[in-house]
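Novice: Take this structure first; my questions come after.
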Amino acid sequence: ATAMHALTHAIEAYVSTAATPITDACALQAVTLISRHLRAAVQNGQDMLARDQMAYAQFLAGMAFNNASLGYVHAMAHQLGGFYDLPHGVCNAILLPHVQAFNATVVAARLGDVARAMGAETQGLNDDAAAQACLAAIRRLSVDVGIPAGVGPLGAKEADIPTLATNAMKDACGLTNPRVPSFDEVCAIFRAAL
C-alpha cells in the first residue's frame, strides 16, 4: 500500500497542471522503478535490490509531487481516510485508476507515457488506447500486490458519498488536477471505487 501510494504521487505529479520537465523526469523514473521492483519486494521482503530500488522510487515520487503537487486521487483519499480511518496508501491505490479514467479525456497522451513507464505495450496504439493500457497496468499491479478491489468492503458507504464529495472538492490537492470535476462527477468516482 505504501508503494502504491508512491506510485500515486508519481502519476498525479506527472498529470498535474503544475508539472515541469524536472518533475516529469522524476515521476516517470519513479513509475518505472515501482513497476519493475514492487512485485519482487512484496513477494520477498529480503530482496534487498528490490527494496533499494523502491526506496529510490519513493524518493523520486516525493521530489515530483512536492514540486508539481497532486490531484483528485489524494483529495478523495484524504476524505476516506479521515471519515473511516482507512489506510491512506490503500485509499490512494483503489482510487488511482478511477480518477485517472476521469482525467484520461484531457491527459491521454501523458497516461500513455505512464503506461510505457509501467512496461505496458503501447506501440501502434492511439493516445486513448494507450491511456486505457495505463489504467489496466495500474489495476494489474494493485491486484498483484494485494490491494482490495474497492473501498466498500473496507467500510465505505454509499450514503456518505455526498459528504465525502463535498469535502474532497475543498481539498487543496484538487487544485492541480488536470480536469476539474463537478460534484456529481466526484460522487460518481467514489461510487465506482466502492
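Numbering starts fresh at 1 for the residues of each chain in the C-alpha cells, the chains themselves are lettered A, B, ... in the order given, and ligands are numbered from 1 as they appear.
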Tell me, as a PyMOL selection string, which residues lie within 10 Å of stretch 138-155 of chain A, counting only C-alpha atoms; anything in the same chain fewer than 2 positions away does not count.
Specialist: chain A and resi 1+3-4+7-8+34-35+38-43+80+84-87+89-91+93-98+100+114-115+118+132-136+157-158+190-194
Novice: Extract the full set of alpha helix (DSSP H) residues from stretch 9-168 of chain A according to DSSP on the backbone, and format it as an MDAnalysis selection string.
Specialist: chainID A and resid 9:15 21:43 48:68 72:84 88:117 127:144 161:168
Novice: Please report the interatomic distance between atom CA of A:Arg36 and atom CA of A:Ile189 in Å with one decimal.
Specialist: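 For atom CA of A:Arg36 relative to atom CA of A:Ile189, the distance reads 28.5 Å.
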Novice: For A:Glu185, which residue out of A:Val107, A:Val31, A:Met76, A:Ala159 is the nearest one, using only C-alpha atoms?
Specialist: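 Using only C-alpha atoms, A:Glu185 sits closest to A:Met76.
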Novice: Need the shell around A:Tyr72: protein/DNA/RNA residues with any atom at most 8 Å away, counting only C-alpha atoms. Skip same-chain ones fewer than 3 positions apart. Format as JSON, numbers by chain?
Specialist: {"A": [75, 76, 99, 168, 173, 174, 177]}
Novice: Please, could you write that set of residues out with N, CA and C atoms as a compact mmCIF listing (two decimals), in the first residue's frame?
Specialist:
```txt
# COMPACT_ATOMS: atom_id res chain seq x y z
N ALA A 75 -7.14 14.12 -3.03
CA ALA A 75 -8.26 14.89 -2.48
C ALA A 75 -9.37 13.96 -1.97
N MET A 76 -9.61 12.89 -2.69
CA MET A 76 -10.65 11.94 -2.31
C MET A 76 -10.16 10.95 -1.26
N VAL A 99 -9.82 7.75 -10.81
CA VAL A 99 -9.60 9.17 -11.06
C VAL A 99 -8.88 9.37 -12.38
N ALA A 168 -14.08 16.57 -0.48
CA ALA A 168 -13.00 16.38 -1.46
C ALA A 168 -12.85 17.61 -2.35
N CYS A 173 -5.46 19.54 -2.72
CA CYS A 173 -4.83 18.68 -3.73
C CYS A 173 -5.56 18.73 -5.07
N GLY A 174 -6.85 19.00 -5.03
CA GLY A 174 -7.62 19.03 -6.26
C GLY A 174 -7.29 20.19 -7.18
N ASN A 177 -5.35 19.12 -10.29
CA ASN A 177 -5.86 18.00 -11.10
C ASN A 177 -6.05 18.50 -12.53
```
Novice: Between A:Gln53, A:Asn167, A:Asn126, A:Thr32, which is the closest to A:Ala77 once you count only C-alpha atoms?
Specialist: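 Comparing A:Gln53, A:Asn167, A:Asn126, A:Thr32 against A:Ala77, the winner is A:Asn167.
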